[in-house]
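Data block for target.cif (mmCIF, C-alpha atoms (C1' of nucleotides)):
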```
data_entry
loop_
_atom_site.label_atom_id
_atom_site.label_comp_id
_atom_site.auth_asym_id
_atom_site.auth_seq_id
_atom_site.Cartn_x
_atom_site.Cartn_y
_atom_site.Cartn_z
CA MET G 152 -41.88 119.03 -107.42
CA THR G 153 -41.36 115.46 -108.50
CA THR G 154 -44.30 113.87 -110.28
CA GLN G 155 -43.25 110.48 -111.63
CA GLY G 156 -43.54 107.09 -110.06
CA SER G 157 -45.83 106.06 -107.27
CA ALA G 158 -46.42 108.48 -104.42
CA ARG G 159 -44.44 106.31 -102.05
CA GLU G 160 -41.40 106.33 -104.32
CA ARG G 161 -41.67 110.05 -104.87
CA VAL G 162 -41.80 110.70 -101.14
CA LEU G 163 -38.64 108.69 -100.61
CA ALA G 164 -36.93 110.46 -103.49
CA ALA G 165 -37.99 113.84 -102.12
CA TYR G 166 -36.63 112.94 -98.70
CA GLU G 167 -33.31 112.06 -100.30
CA ASP G 168 -33.27 115.30 -102.27
CA LEU G 169 -33.84 117.42 -99.21
CA LEU G 170 -31.32 115.55 -97.09
CA ILE G 171 -28.68 115.90 -99.79
CA ASN G 172 -29.32 119.48 -100.84
CA ASP G 173 -30.49 121.13 -97.64
CA GLY G 174 -29.55 118.77 -94.83
CA PRO G 175 -31.51 116.98 -92.11
CA ARG G 176 -32.76 120.17 -90.51
CA ALA G 177 -34.60 121.21 -93.64
CA ALA G 178 -35.97 117.76 -94.35
CA THR G 179 -39.22 118.20 -92.42
CA LEU G 180 -42.39 116.25 -93.11
CA GLY G 181 -44.02 119.26 -94.69
CA ALA G 182 -41.05 119.99 -96.91
CA VAL G 183 -40.79 116.39 -98.01
CA ALA G 184 -44.48 116.23 -98.83
CA ALA G 185 -44.34 119.48 -100.80
CA THR G 186 -41.26 118.35 -102.74
CA ALA G 187 -42.89 115.04 -103.54
CA GLY G 188 -46.03 116.82 -104.72
CA VAL G 189 -48.10 115.10 -102.08
CA SER G 190 -50.09 116.36 -99.13
CA LYS G 191 -48.76 115.84 -95.65
CA GLY G 192 -51.61 113.47 -95.00
CA GLY G 193 -50.67 111.54 -98.10
CA LEU G 194 -47.11 111.26 -96.92
CA LEU G 195 -48.19 110.01 -93.52
CA TYR G 196 -50.34 107.39 -95.11
CA HIS G 197 -47.24 105.70 -96.48
CA PHE G 198 -44.86 106.53 -93.64
CA ASN G 199 -46.68 107.24 -90.42
CA SER G 200 -43.79 108.98 -88.72
CA MET G 201 -40.43 110.59 -89.39
CA GLU G 202 -38.84 107.45 -88.03
CA ALA G 203 -40.75 105.30 -90.50
CA LEU G 204 -39.59 107.55 -93.30
CA THR G 205 -35.99 107.03 -92.28
CA ALA G 206 -36.57 103.30 -91.96
CA GLY G 207 -37.92 103.31 -95.51
CA LEU G 208 -34.78 105.05 -96.72
CA VAL G 209 -32.55 102.53 -94.96
CA GLU G 210 -34.48 99.64 -96.41
CA LYS G 211 -34.16 101.07 -99.89
CA MET G 212 -30.43 101.45 -99.38
CA ARG G 213 -30.10 97.87 -98.22
CA GLU G 214 -31.85 96.60 -101.32
CA LEU G 215 -29.74 98.69 -103.66
CA ALA G 216 -26.60 97.62 -101.80
CA THR G 217 -27.38 94.00 -102.47
CA VAL G 218 -27.68 94.67 -106.19
CA ASP G 219 -24.46 96.69 -106.16
CA ALA G 220 -22.53 93.95 -104.35
CA CYS G 221 -23.66 91.52 -107.01
CA ILE G 222 -22.35 93.70 -109.83
CA MET G 223 -19.15 94.38 -107.92
CA SER G 224 -18.37 90.71 -107.42
CA GLU G 225 -18.53 90.13 -111.17
CA ASP G 226 -16.51 93.08 -112.39
CA PRO G 227 -13.87 91.99 -114.93
CA ASP G 228 -11.27 94.41 -113.52
CA GLY G 229 -11.75 93.15 -109.99
CA CYS G 230 -13.63 94.32 -106.94
CA ALA G 231 -10.95 96.77 -105.82
CA SER G 232 -11.00 98.60 -109.11
CA TYR G 233 -14.78 98.62 -109.12
CA TYR G 234 -14.93 100.05 -105.64
CA VAL G 235 -12.56 102.89 -106.35
CA ARG G 236 -14.08 103.59 -109.74
CA THR G 237 -17.60 103.81 -108.36
CA SER G 238 -16.53 105.99 -105.47
CA ILE G 239 -16.44 109.15 -107.52
CA PHE G 240 -20.18 109.59 -107.24
CA GLY G 241 -21.84 108.94 -110.54
CA GLY G 242 -25.19 110.29 -109.48
CA THR G 243 -26.80 106.86 -109.64
CA THR G 244 -29.89 106.02 -107.60
CA PHE G 245 -27.73 104.07 -105.20
CA ASP G 246 -25.33 106.99 -104.72
CA ARG G 247 -28.16 109.35 -103.93
CA THR G 248 -29.64 106.99 -101.40
CA VAL G 249 -26.32 106.34 -99.70
CA VAL G 250 -25.45 110.02 -99.46
CA ALA G 251 -28.88 110.84 -98.08
CA ALA G 252 -28.61 108.11 -95.47
CA MET G 253 -25.13 109.33 -94.57
CA ARG G 254 -26.65 112.63 -93.51
CA LEU G 255 -28.63 110.72 -90.93
CA ALA G 256 -25.75 108.73 -89.49
CA GLN G 257 -26.02 110.16 -86.05
CA GLY G 258 -26.71 109.54 -82.38
CA GLU G 259 -29.72 107.46 -81.57
CA ASP G 260 -30.59 106.54 -85.10
CA SER G 261 -28.64 103.33 -84.74
CA THR G 262 -30.47 101.59 -87.58
CA VAL G 263 -28.74 103.83 -90.11
CA ARG G 264 -25.34 103.17 -88.62
CA ALA G 265 -26.01 99.45 -88.48
CA ALA G 266 -26.93 99.42 -92.16
CA PHE G 267 -23.69 101.20 -93.02
CA ALA G 268 -21.63 98.85 -90.88
CA GLU G 269 -23.22 95.93 -92.70
CA MET G 270 -22.53 97.45 -96.10
CA HIS G 271 -18.92 98.20 -95.23
CA GLU G 272 -18.40 94.67 -94.00
CA ARG G 273 -19.70 93.28 -97.25
CA TRP G 274 -17.56 95.59 -99.35
CA TYR G 275 -14.45 94.71 -97.38
CA LYS G 276 -15.01 91.01 -97.88
CA LEU G 277 -15.36 91.50 -101.61
CA ILE G 278 -12.21 93.60 -101.86
CA LEU G 279 -10.36 91.07 -99.74
CA SER G 280 -11.39 88.35 -102.17
CA ASP G 281 -9.68 90.42 -104.85
CA ILE G 282 -6.64 91.67 -102.95
CA LYS G 283 -5.54 88.92 -100.63
CA ASP G 284 -3.50 91.01 -98.20
CA PRO G 285 -5.81 92.39 -95.48
CA THR G 286 -3.88 95.60 -94.94
CA VAL G 287 -3.61 96.48 -98.60
CA ALA G 288 -7.26 95.59 -99.08
CA ARG G 289 -8.14 97.85 -96.20
CA ALA G 290 -5.97 100.63 -97.61
CA VAL G 291 -7.68 100.43 -100.99
CA MET G 292 -11.08 100.42 -99.41
CA LEU G 293 -10.23 103.44 -97.26
CA LEU G 294 -9.02 105.24 -100.35
CA GLY G 295 -12.37 104.63 -101.98
CA ASP G 296 -14.15 105.71 -98.82
CA GLY G 297 -12.19 108.94 -98.76
CA LEU G 298 -13.13 109.65 -102.35
CA TYR G 299 -16.76 108.91 -101.72
CA TYR G 300 -17.09 110.89 -98.52
CA ASN G 301 -15.34 113.92 -99.93
CA ALA G 302 -17.70 113.95 -102.84
CA ALA G 303 -20.73 113.23 -100.71
CA LEU G 304 -20.03 115.77 -98.01
CA PHE G 305 -18.58 118.64 -99.94
CA GLY G 306 -18.35 118.39 -103.68
CA LEU G 307 -21.74 117.10 -104.61
CA PRO G 308 -23.16 118.10 -108.00
CA THR G 309 -26.50 119.73 -107.25
CA THR G 310 -28.31 118.35 -110.25
CA PRO G 311 -27.78 114.63 -110.86
CA GLY G 312 -26.00 113.47 -113.97
CA GLN G 313 -23.98 116.67 -114.11
CA ASP G 314 -20.22 117.17 -114.26
CA ALA G 315 -18.79 114.62 -111.88
CA GLU G 316 -15.35 115.93 -112.86
CA ALA G 317 -15.67 119.33 -111.26
CA ALA G 318 -12.91 121.83 -110.58
CA GLY G 319 -10.25 120.44 -108.27
CA ALA G 320 -11.43 116.94 -109.00
CA VAL G 321 -9.18 113.99 -108.41
CA ASP G 322 -7.54 112.14 -111.26
CA VAL G 323 -9.22 108.78 -110.81
CA GLU G 324 -7.36 107.20 -113.71
CA ALA G 325 -4.03 107.85 -112.03
CA LEU G 326 -5.42 106.70 -108.73
CA LEU G 327 -6.53 103.44 -110.28
CA ARG G 328 -2.99 102.89 -111.53
CA VAL G 329 -1.68 103.30 -107.99
CA VAL G 330 -4.26 100.83 -106.77
CA ALA G 331 -3.34 98.36 -109.50
CA GLN G 332 0.28 98.68 -108.46
CA MET G 333 -0.59 98.01 -104.86
CA ARG G 334 -2.55 94.96 -105.88
CA ALA G 335 0.34 93.70 -108.01
CA SER G 336 2.89 94.26 -105.24
CA VAL G 337 1.08 91.77 -103.05
CA GLY G 338 0.98 89.00 -105.64
CA GLN G 339 -1.98 87.57 -107.55
CA MET S 38 -24.24 119.60 -68.11
CA THR S 39 -20.84 121.09 -68.75
CA THR S 40 -19.66 123.57 -66.13
CA GLN S 41 -16.03 124.47 -66.80
CA GLY S 42 -14.57 127.28 -68.84
CA SER S 43 -16.25 130.48 -69.82
CA ALA S 44 -19.89 130.39 -70.80
CA ARG S 45 -19.04 131.06 -74.41
CA GLU S 46 -16.66 128.12 -74.58
CA ARG S 47 -19.12 125.85 -72.85
CA VAL S 48 -21.84 126.77 -75.30
CA LEU S 49 -19.61 125.93 -78.23
CA ALA S 50 -18.59 122.66 -76.60
CA ALA S 51 -22.22 121.80 -75.92
CA TYR S 52 -23.13 122.52 -79.53
CA GLU S 53 -20.38 120.15 -80.62
CA ASP S 54 -21.55 117.49 -78.20
CA LEU S 55 -25.09 117.60 -79.45
CA LEU S 56 -24.10 117.63 -83.11
CA ILE S 57 -21.84 114.64 -82.61
CA ASN S 58 -24.03 112.55 -80.34
CA ASP S 59 -27.54 113.43 -81.47
CA GLY S 60 -27.16 115.11 -84.86
CA PRO S 61 -28.17 118.50 -86.24
CA ARG S 62 -31.86 117.98 -85.69
CA ALA S 63 -31.40 117.65 -81.95
CA ALA S 64 -28.96 120.53 -81.66
CA THR S 65 -31.57 123.21 -80.97
CA LEU S 66 -30.85 126.44 -79.15
CA GLY S 67 -32.67 125.25 -76.05
CA ALA S 68 -30.86 121.93 -75.99
CA VAL S 69 -27.48 123.59 -76.47
CA ALA S 70 -28.14 126.06 -73.64
CA ALA S 71 -29.29 123.29 -71.31
CA THR S 72 -26.28 121.13 -72.10
CA ALA S 73 -23.95 124.07 -71.55
CA GLY S 74 -25.59 124.81 -68.22
CA VAL S 75 -26.67 128.22 -69.44
CA SER S 76 -30.02 129.84 -70.00
CA LYS S 77 -31.26 130.41 -73.51
CA GLY S 78 -30.87 134.12 -72.96
CA GLY S 79 -27.31 133.54 -71.90
CA LEU S 80 -26.61 131.60 -75.04
CA LEU S 81 -28.13 134.29 -77.23
CA TYR S 82 -26.03 136.91 -75.53
CA HIS S 83 -22.93 135.25 -76.93
CA PHE S 84 -24.36 134.02 -80.22
CA ASN S 85 -27.40 135.96 -81.24
CA SER S 86 -28.66 133.38 -83.70
CA MET S 87 -28.29 129.78 -84.77
CA GLU S 88 -26.27 131.00 -87.70
CA ALA S 89 -23.88 132.87 -85.42
CA LEU S 90 -23.46 129.74 -83.37
CA THR S 91 -22.45 127.81 -86.46
CA ALA S 92 -20.13 130.61 -87.50
CA GLY S 93 -18.49 130.41 -84.08
CA LEU S 94 -17.95 126.71 -84.55
CA VAL S 95 -16.40 127.22 -87.96
CA GLU S 96 -14.11 129.92 -86.63
CA LYS S 97 -12.97 127.68 -83.81
CA MET S 98 -12.24 124.94 -86.32
CA ARG S 99 -10.21 127.29 -88.47
CA GLU S 100 -8.08 128.32 -85.52
CA LEU S 101 -7.45 124.77 -84.43
CA ALA S 102 -6.68 123.79 -88.02
CA THR S 103 -3.93 126.38 -88.17
CA VAL S 104 -2.33 124.98 -85.04
CA ASP S 105 -2.66 121.45 -86.36
CA ALA S 106 -1.07 122.34 -89.70
CA CYS S 107 1.86 123.79 -87.81
CA ILE S 108 2.43 120.60 -85.84
CA MET S 109 1.95 118.51 -88.95
CA SER S 110 4.58 120.39 -90.92
CA GLU S 111 7.17 119.66 -88.26
CA ASP S 112 6.48 116.00 -87.64
CA PRO S 113 9.73 113.98 -87.69
CA ASP S 114 8.07 111.08 -89.55
CA GLY S 115 6.71 113.34 -92.23
CA CYS S 116 3.38 114.93 -92.99
CA ALA S 117 1.91 111.84 -94.67
CA SER S 118 2.55 109.70 -91.63
CA TYR S 119 1.18 112.38 -89.36
CA TYR S 120 -1.97 112.72 -91.39
CA VAL S 121 -2.75 109.02 -91.40
CA ARG S 122 -1.79 108.60 -87.75
CA THR S 123 -4.03 111.42 -86.59
CA SER S 124 -6.92 110.23 -88.70
CA ILE S 125 -7.93 107.53 -86.24
CA PHE S 126 -9.80 110.02 -84.09
CA GLY S 127 -7.97 110.55 -80.87
CA GLY S 128 -10.78 112.45 -79.25
CA THR S 129 -8.80 115.67 -79.23
CA THR S 130 -10.50 119.06 -79.14
CA PHE S 131 -9.72 119.49 -82.81
CA ASP S 132 -11.26 116.15 -83.70
CA ARG S 133 -14.45 116.95 -81.86
CA THR S 134 -14.77 120.30 -83.57
CA VAL S 135 -14.13 118.87 -87.01
CA VAL S 136 -16.63 116.07 -86.58
CA ALA S 137 -19.25 118.47 -85.28
CA ALA S 138 -18.72 120.81 -88.22
CA MET S 139 -18.91 117.85 -90.57
CA ARG S 140 -22.47 117.24 -89.44
CA LEU S 141 -23.31 120.67 -90.73
CA ALA S 142 -21.69 120.29 -94.12
CA GLN S 143 -24.88 120.61 -96.07
CA GLY S 144 -26.88 122.67 -98.51
CA GLU S 145 -26.95 126.38 -97.97
CA ASP S 146 -24.47 126.49 -95.13
CA SER S 147 -21.68 127.18 -97.57
CA THR S 148 -19.37 128.70 -94.94
CA VAL S 149 -18.88 125.27 -93.40
CA ARG S 150 -18.09 123.70 -96.72
CA ALA S 151 -15.74 126.52 -97.60
CA ALA S 152 -13.84 126.01 -94.36
CA PHE S 153 -13.48 122.32 -95.10
CA ALA S 154 -12.31 122.97 -98.63
CA GLU S 155 -9.68 125.33 -97.27
CA MET S 156 -8.51 122.80 -94.70
CA HIS S 157 -8.28 120.05 -97.28
CA GLU S 158 -6.29 122.26 -99.59
CA ARG S 159 -3.82 123.00 -96.83
CA TRP S 160 -3.47 119.36 -95.85
CA TYR S 161 -2.92 118.31 -99.44
CA LYS S 162 -0.14 120.85 -99.91
CA LEU S 163 1.61 119.61 -96.77
CA ILE S 164 1.36 115.98 -97.83
CA LEU S 165 2.58 116.89 -101.28
CA SER S 166 5.63 118.54 -99.72
CA ASP S 167 6.35 115.18 -98.12
CA ILE S 168 5.39 112.85 -100.96
CA LYS S 169 6.38 114.50 -104.21
CA ASP S 170 4.17 112.51 -106.54
CA PRO S 171 0.73 114.17 -106.76
CA THR S 172 -1.21 110.97 -107.30
CA VAL S 173 0.43 109.07 -104.47
CA ALA S 174 0.05 112.08 -102.22
CA ARG S 175 -3.62 112.22 -103.12
CA ALA S 176 -3.98 108.48 -102.49
CA VAL S 177 -2.41 108.78 -99.05
CA MET S 178 -4.57 111.71 -98.18
CA LEU S 179 -7.72 109.92 -99.32
CA LEU S 180 -6.73 106.95 -97.21
CA GLY S 181 -6.53 109.21 -94.19
CA ASP S 182 -9.82 110.82 -95.11
CA GLY S 183 -11.46 107.43 -95.32
CA LEU S 184 -10.17 106.53 -91.88
CA TYR S 185 -11.33 109.79 -90.42
CA TYR S 186 -14.77 109.80 -91.97
CA ASN S 187 -15.46 106.22 -91.02
CA ALA S 188 -14.60 107.00 -87.44
CA ALA S 189 -16.46 110.29 -87.44
CA LEU S 190 -19.62 109.05 -89.06
CA PHE S 191 -20.03 105.61 -87.60
CA GLY S 192 -17.51 104.40 -85.07
CA LEU S 193 -17.31 107.35 -82.77
CA PRO S 194 -16.54 106.64 -79.11
CA THR S 195 -19.38 108.24 -77.18
CA THR S 196 -17.26 109.40 -74.27
CA PRO S 197 -14.03 111.14 -75.29
CA GLY S 198 -10.69 109.59 -74.42
CA GLN S 199 -12.19 106.12 -74.57
CA ASP S 200 -11.07 103.09 -76.53
CA ALA S 201 -10.12 104.43 -79.91
CA GLU S 202 -9.21 100.86 -80.86
CA ALA S 203 -12.72 99.47 -80.73
CA ALA S 204 -13.92 96.16 -82.11
CA GLY S 205 -13.36 95.87 -85.82
CA ALA S 206 -10.80 98.65 -85.67
CA VAL S 207 -8.24 99.04 -88.40
CA ASP S 208 -4.60 98.12 -87.85
CA VAL S 209 -3.08 101.55 -88.25
CA GLU S 210 0.46 100.29 -87.71
CA ALA S 211 0.18 98.05 -90.73
CA LEU S 212 -1.48 100.80 -92.70
CA LEU S 213 1.41 103.13 -91.93
CA ARG S 214 3.80 100.54 -93.28
CA VAL S 215 1.85 100.47 -96.55
CA VAL S 216 1.97 104.24 -96.69
CA ALA S 217 5.71 104.25 -96.02
CA GLN S 218 6.14 101.79 -98.85
CA MET S 219 4.14 103.96 -101.19
CA ARG S 220 6.26 106.92 -100.23
CA ALA S 221 9.47 104.99 -100.80
CA SER S 222 8.31 103.69 -104.18
CA VAL S 223 8.14 107.21 -105.47
CA GLY S 224 11.62 108.18 -104.35
CA GLN S 225 12.69 110.63 -101.66
"C1'" DT P 288 -77.00 94.68 -112.74
"C1'" DT P 289 -77.39 96.42 -108.60
"C1'" DC P 290 -76.55 97.01 -103.93
"C1'" DA P 291 -73.80 96.78 -99.68
"C1'" DC P 292 -69.51 96.71 -98.13
"C1'" DT P 293 -64.38 96.89 -97.94
"C1'" DA P 294 -59.61 98.26 -99.07
"C1'" DT P 295 -56.44 101.41 -100.86
"C1'" DA P 296 -54.76 105.93 -101.69
"C1'" DC P 297 -54.89 110.41 -100.69
"C1'" DC P 298 -56.37 115.25 -99.03
"C1'" DG P 299 -56.50 119.34 -95.99
"C1'" DG P 300 -57.31 121.09 -91.59
"C1'" DC P 301 -56.19 121.05 -86.93
"C1'" DC P 302 -53.73 120.64 -82.34
"C1'" DG P 303 -50.22 120.80 -78.84
"C1'" DG P 304 -45.80 121.61 -78.30
"C1'" DA P 305 -41.26 122.96 -79.60
"C1'" DC P 306 -38.59 126.17 -82.06
"C1'" DG P 307 -35.83 130.55 -83.01
"C1'" DG P 308 -35.66 134.86 -81.44
"C1'" DT P 309 -36.75 139.36 -78.55
"C1'" DA P 310 -37.37 142.12 -74.58
"C1'" DT P 311 -36.38 143.07 -70.17
"C1'" DA P 312 -35.21 142.72 -65.45
"C1'" DG P 313 -31.66 141.26 -62.57
"C1'" DT P 314 -26.77 140.44 -60.53
"C1'" DA P 315 -21.82 140.45 -59.67
"C1'" DT P 316 -17.68 142.87 -60.23
"C1'" DA P 317 -14.83 146.97 -61.13
"C1'" DT U 14 -22.65 153.91 -61.86
"C1'" DA U 15 -20.86 151.34 -65.85
"C1'" DT U 16 -19.80 146.86 -67.74
"C1'" DA U 17 -20.38 142.10 -68.47
"C1'" DC U 18 -23.14 138.76 -68.13
"C1'" DT U 19 -27.39 135.85 -66.69
"C1'" DA U 20 -32.23 134.47 -66.13
"C1'" DT U 21 -37.18 134.78 -67.00
"C1'" DA U 22 -41.02 135.65 -69.64
"C1'" DC U 23 -42.94 135.81 -73.76
"C1'" DC U 24 -44.15 135.99 -79.08
"C1'" DG U 25 -45.14 134.29 -83.61
"C1'" DT U 26 -44.11 130.54 -86.41
"C1'" DC U 27 -43.29 126.08 -87.71
"C1'" DC U 28 -43.17 121.17 -86.84
"C1'" DG U 29 -44.73 116.38 -86.14
"C1'" DG U 30 -48.50 113.85 -86.02
"C1'" DC U 31 -53.53 112.82 -86.00
"C1'" DC U 32 -58.09 112.85 -87.77
"C1'" DG U 33 -62.34 113.11 -90.52
"C1'" DG U 34 -63.42 112.80 -94.92
"C1'" DT U 35 -63.27 111.66 -100.15
"C1'" DA U 36 -62.54 109.19 -104.46
"C1'" DT U 37 -61.83 105.01 -106.73
"C1'" DA U 38 -61.62 100.26 -107.45
"C1'" DG U 39 -62.85 95.85 -106.22
"C1'" DT U 40 -65.74 91.88 -104.21
"C1'" DG U 41 -69.52 88.96 -103.25
"C1'" DA U 42 -74.40 88.10 -102.81
"C1'" DA U 43 -79.17 88.69 -104.48
#
```
Output the file's structure as structure tokens, nothing else.
Amino acid sequence: MTTQGSARERVLAAYEDLLINDGPRAATLGAVAATAGVSKGGLLYHFNSMEALTAGLVEKMRELATVDACIMSEDPDGCASYYVRTSIFGGTTFDRTVVAAMRLAQGEDSTVRAAFAEMHERWYKLILSDIKDPTVARAVMLLGDGLYYNAALFGLPTTPGQDAEAAGAVDVEALLRVVAQMRASVGQ
Amino acid sequence: MTTQGSARERVLAAYEDLLINDGPRAATLGAVAATAGVSKGGLLYHFNSMEALTAGLVEKMRELATVDACIMSEDPDGCASYYVRTSIFGGTTFDRTVVAAMRLAQGEDSTVRAAFAEMHERWYKLILSDIKDPTVARAVMLLGDGLYYNAALFGLPTTPGQDAEAAGAVDVEALLRVVAQMRASVGQ
DNA sequence: TTCACTATACCGGCCGGACGGTATAGTATA
DNA sequence: TATACTATACCGTCCGGCCGGTATAGTGAA
């Protein structure tokens, strides 16, 4: 039962928790309310339907994505490096939100998919500004995507801030060297 | 309403359809039965619970994965090439099953996650037998994963066998050239 | 300062329907 | 008649969503 922050924030955080740990089927209104330490009525005051709850999550993700893009564009080691480095799932607020939203990327819920498409577009542009060759840029981005999805879908640490380097984890250092080599091979 | 094949097969196919198109929340027993053109009783004759239905899906995926691994190991262009090539989502039976199972990769349903872990392990070993360097092999595999997940989670063609090369699609040919170069750079 | 009124935030109970699952009767084939 | 399978009816529970009500804080006029 989460008890810090405003009720609205807690509800959103609880929704994320349930989506990540137990999946969309378990993330019912009642469960979310209970996890947030709020009554169902209280939850529905802030989000008057399941759809609104999802919309709130997407909006939060959009906001965090904007901040992240800003940091990414100013990374001293370049956008490509940043993207791969941050794809190992650090357990940040942004990571949690993205992973939760990913669990909802389905069928009719086109708003979620649209938000992801937008985010991917932005990331690609940033990586392309770092690695000029479109194909190599795409390859690097896909590599980061693979890392992120694998972690998000299967190897997620249950409690945040825990061992990101679990058993069978990928050697990101070595991976970054490969990426650096790819970047160098294309000039610039 | 699907009407070919045995009832059991149709039920499994319907479950996949619903998971892919409408997500886990919509894939209820009633909806699956209706989509399969079978009564709920008929469905429960073959799979006597939701859990059993999921187990059936996982088992099907395991079987198809074994076949796929066999084909992969004998590809004339090498396992790495095969992996990346087949990651663009061809709409094959295997693809559909994997994507459906992916939607269930969550919380307590550890059997699904275990099956994926197993599959990944097998793929990695095959790629490593093709590309000797562990890091490069991992990079290539992650690239394929990224391709696959992006397609599975966001850019899925609604009707199978449709345009796999949709708008904003990735140039796989070019990507394969990058992979070939990575393979060559490591010798062998 | 007091009164009337409003806005915000939240609670807990309730309803109709959908859900997972069971029981059972029925049917086609061998 | 046995086997393999299907369809219907139903049960108890849970779910999404709504509603009446409460507590608090604030606002403006007298």
Based on all atoms listed in the file, which of the residues in chain P come within 8 Å of chain G? I want them as a short mmCIF file (atom, residue, chain, number, x, y, z; two decimals) with C-alpha atoms (C1' of nucleotides), in the frame of the given file.
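Final output, saved to result23.cif:
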```cif
data_model
loop_
_atom_site.label_atom_id
_atom_site.label_comp_id
_atom_site.auth_asym_id
_atom_site.auth_seq_id
_atom_site.Cartn_x
_atom_site.Cartn_y
_atom_site.Cartn_z
"C1'" DA P 296 -54.76 105.93 -101.69
"C1'" DC P 297 -54.89 110.41 -100.69
"C1'" DC P 298 -56.37 115.25 -99.03
"C1'" DG P 299 -56.50 119.34 -95.99
#
```
Neighbour list for range 265-269 of chain G as an mmCIF file with C-alpha atoms, in the frame of the given file, cut-off 9 Å, only C-alpha atoms (C1' of nucleotides), skip fewer than 6 positions in-chain:
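That gives us around.cif:
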```
data_model
loop_
_atom_site.group_PDB
_atom_site.id
_atom_site.type_symbol
_atom_site.label_atom_id
_atom_site.label_comp_id
_atom_site.auth_asym_id
_atom_site.auth_seq_id
_atom_site.Cartn_x
_atom_site.Cartn_y
_atom_site.Cartn_z
ATOM 1 C CA VAL G 209 -32.550 102.530 -94.960
ATOM 2 C CA GLU G 210 -34.480 99.640 -96.410
ATOM 3 C CA MET G 212 -30.430 101.450 -99.380
ATOM 4 C CA ARG G 213 -30.100 97.870 -98.220
ATOM 5 C CA VAL G 249 -26.320 106.340 -99.700
ATOM 6 C CA ALA G 252 -28.610 108.110 -95.470
ATOM 7 C CA MET G 253 -25.130 109.330 -94.570
ATOM 8 C CA ALA G 256 -25.750 108.730 -89.490
ATOM 9 C CA PHE S 191 -20.030 105.610 -87.600
#
```
Which residues fall under the PyMOL selection byres ((chain U and resi 22) around 9) in this file, as a short mmCIF file (atom, residue, chain, number, x, y, z; two decimals) with C-alpha atoms (C1' of nucleotides), keeping the file's coordinate frame?
```
data_model
loop_
_atom_site.label_atom_id
_atom_site.label_comp_id
_atom_site.auth_asym_id
_atom_site.auth_seq_id
_atom_site.Cartn_x
_atom_site.Cartn_y
_atom_site.Cartn_z
"C1'" DA P 310 -37.37 142.12 -74.58
"C1'" DT P 311 -36.38 143.07 -70.17
"C1'" DT U 21 -37.18 134.78 -67.00
"C1'" DC U 23 -42.94 135.81 -73.76
#
```
Cut-off 6 Å around (-54.4, 116.4, -85.6) with only C-alpha atoms (C1' of nucleotides): residues as a list in words:
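Checking each residue against the 6 Å limit leaves DC301 and DC302 of chain P; DC31 and DC32 of chain U.
Using all atoms listed in the file for every distance, the candidate list G:Asp228, G:Glu202, G:Asp173, G:Asp284 yields G:Glu202 as the residue closest to chain U.
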Could you jot down the CA of Ala51 in chain S to CA of Ala73 in chain S separation for me, Å, one decimal place?
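We find that CA of Ala51 in chain S and CA of Ala73 in chain S lie 5.2 Å from each other.
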